[in-house]
2 protein chains.
Amino acid sequence: MTQPDPTIASAPKLGRKRDHTRDPEILDAALAVLAETGYDGMTIDMVAARAKAGKATLYRRWPSKAELVIDAVACMKKNMHGNEPLPDTGTLRGDLVAMIKPHSLQESDTKLQIMAGLMSMISQAPELADAANEAIMKPRTELNRVLMRRAVERGEISPDCDIDTISMITPSMVAYRTLMLKKPVDREFLLSLIDGVVLPALGLGHETWSEALSS
Amino acid sequence: MTQPDPTIASAPKLGRKRDHTRDPEILDAALAVLAETGYDGMTIDMVAARAKAGKATLYRRWPSKAELVIDAVACMKKNMHGNEPLPDTGTLRGDLVAMIKPHSLQESDTKLQIMAGLMSMISQAPELADAANEAIMKPRTELNRVLMRRAVERGEISPDCDIDTISMITPSMVAYRTLMLKKPVDREFLLSLIDGVVLPALGLGHETWSEALSS
DNA sequence: TGGTTCCGATACTTGACAGTACCGTATATA
DNA sequence: TATATACGGTACTGTCAAGTATCGGAACCA
């Protein structure tokens with residue numbers, strides 16, 4: 001809907017300093033509660049309490065609970081901390097492994113909890129699916145795609161590979177494992193995904209590694 | 001919880017013919033409503049109405065809405081129609097492609113809608129995750145695993161392949177696409193998955209096909 | 001036919017939460 | 001300092017659904 005951009009306050013004229021200064025805190029609180037309890041379990045009072053705001057303040061700014069959540073998801077992308085620079089180790093496997101970091105696992109888990117909380121809403125408002133994907137899944141997919149494209153240019157993998165599909169393998173299977181299997185996504189699992197699925201699918205199978213090692 | 005097994009009626013003695021005869025219809029209705037509206041949107045009245053039963057009948061049999069749903073999911077596996085025989089075309093690709101059938105796509109979609117409806121509940125009752133997986137995801141994964149193991153025995157693919165992980169690719173990505181992307185899962189998508197991901201990951205890349213074709 | 005038991009329907013109670021109204025206060029402008 | 005505005009807090013209303021209570025009818029058995 002609207003952005004919590006504090007730079008375009010609409011003519012305050014008199015009175016308080018600025019409009020809607022608390023928006024970011026409120027949206028963050030909404031995402032946190034959403035991740036913890038899901039859309040249906042979440043109440044406006046919970047969000048207000050966590051943001052140390054009054055319930056009325058939320059309704060002055062957003063017309064309904066649904067709009068608040070939609071706005072929170074839409075703003076999530078911007079509010080996410082700037083991505084660290086891409087790894088560049090020289091090999092695709094090195095790059096993929098370098099992306100496994102505790103911070104990264106943590107952030108991924110949080111985002112997926114939010115996604116889980118959104119599910120019941122998504123089935124009724126499919127346009128929300130786009131926004132959620134844009135903010136939650138796409139960044140990860142895009143990262144993989146870039147790394148793989150570089151590997152193609154480097155000559156490491158064939159340009160015939162279906163990179164668009166293969167770059168979705170890890171995000172999909174991580175989501176599956178987190179949301180439905182309720183199993184932890186740790187370094188070991190991701191390594192088995194890289195070595196057992198992603199690299200073989202790109203033509204970098206076990207036999208190829210030994211070739212690479214001996215050369 | 002308990003099974004709707006009509007064979008173990010507990011001593012009717014006098015009066016009506018048998019106990020809990022309507023259980024299967026009620027559980028089916030519960031799954032249908034669950035798929036359509038999700039757990040939170042689902043009301044006991046909806047289930048009762050769809051099963052042409054009284055609300056009190058449901059509460060005579062299950063102590064709460066949650067227990068009803070848990071029971072419905074647990075019984076889903078048994079109530080599913082016996083699986084058709086496995087395809088056996090001689091090649092793994094042939095087998096995998098043979099499993100793409102309209103009926104199969106339809107069933108898969110229904111199951112995933114149920115899974116979506118369960119999500120909000122799963123985050124609060126992780127033991128339900130196991131049951132849901134057993135009934136919804138595992139059958140499909142298991143099918144793939146069997147086909148791939150046969151391919152290993154046949155010498156078509158290497159025994160070093162991580163079959164356990166690779167057999168989950170298709171189910172995961174179909175779930176991802178249906179639940180989060182809200183895009184249709186059609187024959188074309190599944191073919192691109194088989195040819196672009198699964199077979200390459202098993203060492204049956206494009207180059208291998210031409211070899212196979214020319215031999 | 002009479003008695004027993006389950007079923008479908010409906011009316012009812014209760015609690016939770018979305019959304020509203022209002023009040024006292026803090027703060028920034030003039 | 002005076003004033004207008006947004007804020008935090010809280011009390012209120014209306015709705016909706018979970019769960020309960022009850023009743024008439026139907027099926028079954030002796």
# chains A, B, ... in the order shown; residues from 1 in each chain; ligands from 1
>>> residues_around(residues="Arg177 in chain B", least_positions_apart="5", cutoff="12 Å", atoms="only C-alpha atoms (C1' of nucleotides)", output="PyMOL selection string")
(chain A and resi 129-130+133+137+165+168-169+171-173+175-176) or (chain B and resi 109+112+170-172+182-186+189-190+193)
>>> residues_around(residues="Leu34 in chain B", least_positions_apart="2", cutoff="9 Å", atoms="only C-alpha atoms (C1' of nucleotides)", output="ChimeraX atom specification")
/B:29-32,36-42,47,69,113-118
>>> residues_around(residues="range 153-156 of chain A", least_positions_apart="4", cutoff="10 Å", atoms="only C-alpha atoms (C1' of nucleotides)", output="list in words")
Gly90, Thr91, Leu92, Met148, Arg149, Leu202, Gly203 and Leu204 of chain A
>>> residues_around(residues="DT25 in chain C", least_positions_apart="4", cutoff="12 Å", atoms="only C-alpha atoms (C1' of nucleotides)", output="PyMOL selection string")
chain D and resi 5-9
>>> residues_around(residues="DG24 in chain D", least_positions_apart="5", cutoff="12 Å", atoms="only C-alpha atoms (C1' of nucleotides)", output="MDAnalysis selection string")
chainID C and resid 7:10
>>> calpha_fit_rmsd(fixed="chain B", moving="chain A")
0.1 Å
>>> select_by_dssp(residues="range 69-199 of chain B", states="helix (DSSP H, G or I)", output="JSON, numbers by chain")
{"B": [69, 70, 71, 72, 73, 74, 75, 76, 77, 78, 79, 92, 93, 94, 95, 96, 97, 98, 102, 103, 104, 105, 106, 107, 108, 109, 110, 111, 112, 113, 114, 115, 116, 117, 118, 119, 120, 121, 122, 126, 127, 128, 129, 130, 131, 132, 133, 134, 135, 136, 138, 139, 140, 141, 142, 143, 144, 145, 146, 147, 148, 149, 150, 151, 152, 153, 163, 164, 165, 166, 169, 170, 171, 172, 173, 174, 175, 176, 177, 178, 179, 180, 181, 187, 188, 189, 190, 191, 192, 193, 194, 195, 196, 197, 198, 199]}
